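S.K.: Quick one: the structure is below, and I'll ask about it shortly.
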Amino acid sequence: MKRTLVAVALAVVFVLALAAPAFAQAIFHTATYEMEGVIDFKKQAGHYCNTGAEVKQVIAGSGKMDKVQTITQVKGKVTMSDTNDWVAGATPLTVTTVWKLCTPPKYTYYEQTYGYDVPVGIAHIYSPTQSTWDMPASWTGGDGTPLAGAMAGYTHEMLAGIHGWDAVSEQYWAVQVQADPGFSGNLHQKGEAAYGGFYTNGAPFEYAAHWRDGVTNNDNTWRWEYNKDGNLIAPSVGKNYVGDYFTMEQMARTSQGTLKRYIDISSPWSHGYLHEDMSVVGKSKISEAFKLGNLPAGADVPKDWWKLF
């Protein structure tokens, strides 16, 4: 019997050892909070483009609160499920949550000749050497051919500044619920943000220029497909590409207090734009669902190992 137990124990250890590398590539955090009194709570999940978005949350005030939160992070993606139910005490109790997305917004530039804003195309954002604007001399060779690695390290914001592009949105999703003393508040949300890199001929940054050299294999990125004439025709995602999207299901409510929302999101892919800046003082409840779908995940993108059912 003792030998059997030892054998089973060794088998379990062996299986866990095999699975460990996959587990080590994710951060998984779940917590249940039961709080009563004066609350001062600050939390951040994700780090901007490393995880597709940066999620920040602040809870401040007095009262009684029940909170359940699950956060997962892998390279290029952050997911958060969060429920907050509370009754304010002697002072208001406020919950604020802000998502800052990495995915670039839609850009425009002001065309002096015609006097109106012209959209900046996807090819310009991800392959700026395809644009018709003058490029710094260090970016091109004597014949105008893009230099290898010339754009490496340039962010979308830096390119916008160089070219004079104007961002249509700030890529924020924010909500704040404040319950007045003695009244209740609720904030339930389930969101997921992903942003995978762009294939750049081996350069280490997704913002680097892209030029054709016959190499197209990179399963963790997306890249351009060309027709026989060498023109861009469509994006293609690698089989392990994490995706480029943002989804949100949210319910915000207070029986008496202040509810604020700020949404400012756009997409250079669809040219869609959503902006909301609102504040309600009194009783309010808002339920909603939102999806920004720029690029899908690859067919063989690793599944979340913690989702057993």
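We label chains A, B, ... in the order they appear in the structure tokens, count residues from 1 in each chain, and number ligands from 1 in the order shown.
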Name the residues in contact with stretch 73-76 of chain A at a cut-off of 10 Å, using only C-alpha atoms, excluding same-chain residues fewer than 5 positions from it; report them as a PDB file with N, CA and C atoms, in the first residue's frame.

M.R.:
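Output saved as out01.pdb:
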```pdb
ATOM      1  N   ALA A  24       3.986  28.438 -16.045  1.00  0.00           N
ATOM      2  CA  ALA A  24       4.871  29.556 -15.713  1.00  0.00           C
ATOM      3  C   ALA A  24       4.700  30.722 -16.671  1.00  0.00           C
ATOM      4  N   GLN A  25       4.064  30.524 -17.803  1.00  0.00           N
ATOM      5  CA  GLN A  25       3.906  31.586 -18.789  1.00  0.00           C
ATOM      6  C   GLN A  25       2.682  32.439 -18.545  1.00  0.00           C
ATOM      7  N   ALA A  26       1.958  32.228 -17.466  1.00  0.00           N
ATOM      8  CA  ALA A  26       0.758  32.991 -17.159  1.00  0.00           C
ATOM      9  C   ALA A  26       0.777  33.462 -15.718  1.00  0.00           C
ATOM     10  N   ILE A  27       0.121  34.586 -15.474  1.00  0.00           N
ATOM     11  CA  ILE A  27      -0.158  35.043 -14.119  1.00  0.00           C
ATOM     12  C   ILE A  27      -1.644  34.868 -13.880  1.00  0.00           C
ATOM     13  N   PHE A  28      -1.986  34.148 -12.827  1.00  0.00           N
ATOM     14  CA  PHE A  28      -3.379  33.856 -12.500  1.00  0.00           C
ATOM     15  C   PHE A  28      -3.621  34.274 -11.054  1.00  0.00           C
ATOM     16  N   HIS A  29      -4.564  35.193 -10.841  1.00  0.00           N
ATOM     17  CA  HIS A  29      -4.826  35.684  -9.493  1.00  0.00           C
ATOM     18  C   HIS A  29      -6.332  35.775  -9.262  1.00  0.00           C
ATOM     19  N   ALA A  45      -3.477  45.716 -12.946  1.00  0.00           N
ATOM     20  CA  ALA A  45      -3.266  44.428 -13.617  1.00  0.00           C
ATOM     21  C   ALA A  45      -2.801  44.706 -15.036  1.00  0.00           C
ATOM     22  N   GLY A  46      -1.748  44.030 -15.458  1.00  0.00           N
ATOM     23  CA  GLY A  46      -1.231  44.224 -16.807  1.00  0.00           C
ATOM     24  C   GLY A  46      -0.325  45.432 -16.880  1.00  0.00           C
ATOM     25  N   HIS A  47       0.435  45.488 -17.951  1.00  0.00           N
ATOM     26  CA  HIS A  47       1.354  46.601 -18.173  1.00  0.00           C
ATOM     27  C   HIS A  47       1.295  47.002 -19.627  1.00  0.00           C
ATOM     28  N   TYR A  48       0.247  47.739 -19.967  1.00  0.00           N
ATOM     29  CA  TYR A  48       0.044  48.352 -21.283  1.00  0.00           C
ATOM     30  C   TYR A  48       0.237  47.332 -22.407  1.00  0.00           C
ATOM     31  N   CYS A  49       1.185  47.556 -23.314  1.00  0.00           N
ATOM     32  CA  CYS A  49       1.275  46.711 -24.502  1.00  0.00           C
ATOM     33  C   CYS A  49       1.832  45.319 -24.221  1.00  0.00           C
ATOM     34  N   ASN A  50       2.461  45.125 -23.070  1.00  0.00           N
ATOM     35  CA  ASN A  50       2.952  43.790 -22.741  1.00  0.00           C
ATOM     36  C   ASN A  50       1.812  42.808 -22.548  1.00  0.00           C
ATOM     37  N   THR A  51       0.661  43.306 -22.091  1.00  0.00           N
ATOM     38  CA  THR A  51      -0.493  42.440 -21.832  1.00  0.00           C
ATOM     39  C   THR A  51      -1.745  42.916 -22.565  1.00  0.00           C
ATOM     40  N   GLY A  52      -1.605  43.721 -23.584  1.00  0.00           N
ATOM     41  CA  GLY A  52      -2.761  44.159 -24.363  1.00  0.00           C
ATOM     42  C   GLY A  52      -3.490  45.351 -23.791  1.00  0.00           C
ATOM     43  N   ALA A  53      -3.397  45.554 -22.481  1.00  0.00           N
ATOM     44  CA  ALA A  53      -4.041  46.686 -21.818  1.00  0.00           C
ATOM     45  C   ALA A  53      -3.491  46.816 -20.412  1.00  0.00           C
ATOM     46  N   CYS A 102      -3.873  49.009 -25.487  1.00  0.00           N
ATOM     47  CA  CYS A 102      -2.659  49.175 -26.279  1.00  0.00           C
ATOM     48  C   CYS A 102      -2.981  49.351 -27.762  1.00  0.00           C
ATOM     49  N   GLU A 192     -11.829  41.606 -21.515  1.00  0.00           N
ATOM     50  CA  GLU A 192     -10.636  40.946 -22.052  1.00  0.00           C
ATOM     51  C   GLU A 192     -10.045  41.824 -23.143  1.00  0.00           C
ATOM     52  N   ALA A 193      -8.754  42.093 -23.027  1.00  0.00           N
ATOM     53  CA  ALA A 193      -8.058  42.900 -24.027  1.00  0.00           C
ATOM     54  C   ALA A 193      -6.836  42.140 -24.524  1.00  0.00           C
ATOM     55  N   ALA A 194      -6.662  42.094 -25.837  1.00  0.00           N
ATOM     56  CA  ALA A 194      -5.518  41.407 -26.440  1.00  0.00           C
ATOM     57  C   ALA A 194      -4.895  42.300 -27.502  1.00  0.00           C
ATOM     58  N   TYR A 195      -3.578  42.233 -27.591  1.00  0.00           N
ATOM     59  CA  TYR A 195      -2.874  42.943 -28.644  1.00  0.00           C
ATOM     60  C   TYR A 195      -1.594  42.195 -28.977  1.00  0.00           C
ATOM     61  N   GLY A 196      -1.564  41.573 -30.151  1.00  0.00           N
ATOM     62  CA  GLY A 196      -0.399  40.828 -30.603  1.00  0.00           C
ATOM     63  C   GLY A 196       0.452  41.629 -31.555  1.00  0.00           C
ATOM     64  N   GLY A 197       1.713  41.250 -31.663  1.00  0.00           N
ATOM     65  CA  GLY A 197       2.676  41.994 -32.456  1.00  0.00           C
ATOM     66  C   GLY A 197       2.489  41.850 -33.957  1.00  0.00           C
ATOM     67  N   TYR A 241      -1.253  33.426 -32.945  1.00  0.00           N
ATOM     68  CA  TYR A 241      -1.426  34.860 -32.715  1.00  0.00           C
ATOM     69  C   TYR A 241      -2.474  35.103 -31.626  1.00  0.00           C
ATOM     70  N   VAL A 242      -2.158  35.953 -30.638  1.00  0.00           N
ATOM     71  CA  VAL A 242      -3.042  36.166 -29.481  1.00  0.00           C
ATOM     72  C   VAL A 242      -4.288  36.962 -29.837  1.00  0.00           C
ATOM     73  N   GLY A 243      -4.231  37.751 -30.919  1.00  0.00           N
ATOM     74  CA  GLY A 243      -5.377  38.543 -31.332  1.00  0.00           C
ATOM     75  C   GLY A 243      -5.177  40.028 -31.089  1.00  0.00           C
ATOM     76  N   ASP A 244      -6.107  40.818 -31.610  1.00  0.00           N
ATOM     77  CA  ASP A 244      -6.140  42.266 -31.400  1.00  0.00           C
ATOM     78  C   ASP A 244      -7.604  42.636 -31.213  1.00  0.00           C
ATOM     79  N   ASP A 304      -6.621  28.970 -22.406  1.00  0.00           N
ATOM     80  CA  ASP A 304      -6.381  29.237 -20.996  1.00  0.00           C
ATOM     81  C   ASP A 304      -6.499  27.935 -20.213  1.00  0.00           C
TER      82      ASP A 304
END
```

S.K.: Would you pick out the contacts of stretch 286-291 of chain A at 9 Å or less, using only C-alpha atoms, so that residues sharing its chain but fewer than 6 positions from it are not included, and give the list as an NGL selection string?

M.R.: :A and (245-253)

S.K.: Could those residues be written to a file, using C-alpha atoms, as a JSON list (two decimals), in the first residue's frame?

M.R.:
```json
[["chain", "number", "residue", "atom", "x", "y", "z"],
["A", 245, "TYR", "CA", -9.49, 42.92, -29.69],
["A", 246, "PHE", "CA", -11.32, 44.21, -26.61],
["A", 247, "THR", "CA", -14.55, 42.86, -25.11],
["A", 248, "MET", "CA", -16.54, 44.12, -22.12],
["A", 249, "GLU", "CA", -19.70, 43.11, -20.27],
["A", 250, "GLN", "CA", -20.54, 45.55, -17.52],
["A", 251, "MET", "CA", -23.28, 46.52, -15.05],
["A", 252, "ALA", "CA", -22.95, 49.67, -12.96],
["A", 253, "ARG", "CA", -25.60, 50.77, -10.45]]
```

S.K.: Near stretch 34-40 of chain A, counting only C-alpha atoms, which residues have an atom at most 6 Å away, once you skip same-chain residues fewer than 5 positions from it, shown as a count of residues only?

M.R.: 8

S.K.: So that I can check the surroundings of A:Gly298, please list as an mmCIF file with N, CA and C atoms, in the first residue's frame every protein, DNA and RNA residue that reaches within 10 Å of it, counting only C-alpha atoms and ignoring chain neighbours fewer than 5 positions away.

M.R.:
```cif
data_model
loop_
_atom_site.group_PDB
_atom_site.id
_atom_site.type_symbol
_atom_site.label_atom_id
_atom_site.label_comp_id
_atom_site.auth_asym_id
_atom_site.auth_seq_id
_atom_site.Cartn_x
_atom_site.Cartn_y
_atom_site.Cartn_z
ATOM 1 N N ASP A 219 4.585 32.534 -36.311
ATOM 2 C CA ASP A 219 3.279 32.071 -35.866
ATOM 3 C C ASP A 219 2.649 32.936 -34.793
ATOM 4 N N ASN A 220 3.437 33.783 -34.121
ATOM 5 C CA ASN A 220 2.904 34.586 -33.023
ATOM 6 C C ASN A 220 2.525 36.006 -33.430
ATOM 7 N N THR A 221 2.578 36.321 -34.713
ATOM 8 C CA THR A 221 2.317 37.687 -35.158
ATOM 9 C C THR A 221 1.298 37.706 -36.293
ATOM 10 N N TRP A 222 0.891 38.922 -36.660
ATOM 11 C CA TRP A 222 0.116 39.085 -37.885
ATOM 12 C C TRP A 222 1.014 39.789 -38.910
ATOM 13 N N SER A 236 -2.926 38.723 -42.389
ATOM 14 C CA SER A 236 -2.965 37.300 -42.110
ATOM 15 C C SER A 236 -2.395 37.083 -40.707
ATOM 16 N N VAL A 237 -3.078 36.267 -39.901
ATOM 17 C CA VAL A 237 -2.604 36.025 -38.534
ATOM 18 C C VAL A 237 -1.928 34.669 -38.441
ATOM 19 N N GLY A 238 -0.885 34.591 -37.621
ATOM 20 C CA GLY A 238 -0.213 33.328 -37.370
ATOM 21 C C GLY A 238 -1.085 32.406 -36.540
ATOM 22 N N LYS A 239 -0.793 31.125 -36.584
ATOM 23 C CA LYS A 239 -1.660 30.158 -35.913
ATOM 24 C C LYS A 239 -1.656 30.314 -34.395
ATOM 25 N N ASN A 240 -0.612 30.937 -33.836
ATOM 26 C CA ASN A 240 -0.554 31.169 -32.396
ATOM 27 C C ASN A 240 -0.715 32.643 -32.032
ATOM 28 N N TYR A 241 -1.253 33.426 -32.945
ATOM 29 C CA TYR A 241 -1.426 34.860 -32.715
ATOM 30 C C TYR A 241 -2.474 35.103 -31.626
ATOM 31 N N VAL A 242 -2.158 35.953 -30.638
ATOM 32 C CA VAL A 242 -3.042 36.166 -29.481
ATOM 33 C C VAL A 242 -4.288 36.962 -29.837
ATOM 34 N N GLY A 243 -4.231 37.751 -30.919
ATOM 35 C CA GLY A 243 -5.377 38.543 -31.332
ATOM 36 C C GLY A 243 -5.177 40.028 -31.089
#
```

S.K.: Considering only C-alpha atoms, return as a list in words whatever protein or nucleic-acid residues lie within 9 Å of A:Glu170, sequence-local ones (same chain, fewer than 4 positions apart) excluded.

M.R.: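 Here the qualifying residues turn out to be Lys100, Leu101, Pro104, Pro105, Ile263, Asp264, Ile265 and Ser266 of chain A.
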
S.K.: At what distance in Å, to one decimal, does atom CA of A:Leu93 lie from atom CA of A:Ala179?

M.R.: 5.5 Å

S.K.: Between A:Gly164, A:Pro92, A:Pro235, A:Gly182, which has the minimum distance to A:Phe198 (counting only C-alpha atoms)?

M.R.: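 The answer is A:Pro235, which sits nearest to A:Phe198.
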
S.K.: May I ask which of the residues A:Gln176, A:Lys106, A:Ile125, A:Tyr33 is the closest one to A:Lys56, counting only C-alpha atoms?

M.R.: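 So, comparing all the options, the nearest one is A:Gln176.
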
S.K.: If we count only C-alpha atoms and set the cut-off at 9 Å, which residues sit around A:Gly121, ignoring sequence neighbours fewer than 4 positions away in its own chain? Please answer as JSON, numbers by chain.

M.R.: {"A": [106, 107, 108, 125, 126, 131, 268, 269]}

S.K.: When you count only C-alpha atoms, which of these residues is closest to A:His275: A:Gly257, A:Leu187, A:Asp229, A:Val168?

M.R.: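 Once distances to A:His275 are computed over only C-alpha atoms, the minimum belongs to A:Val168.
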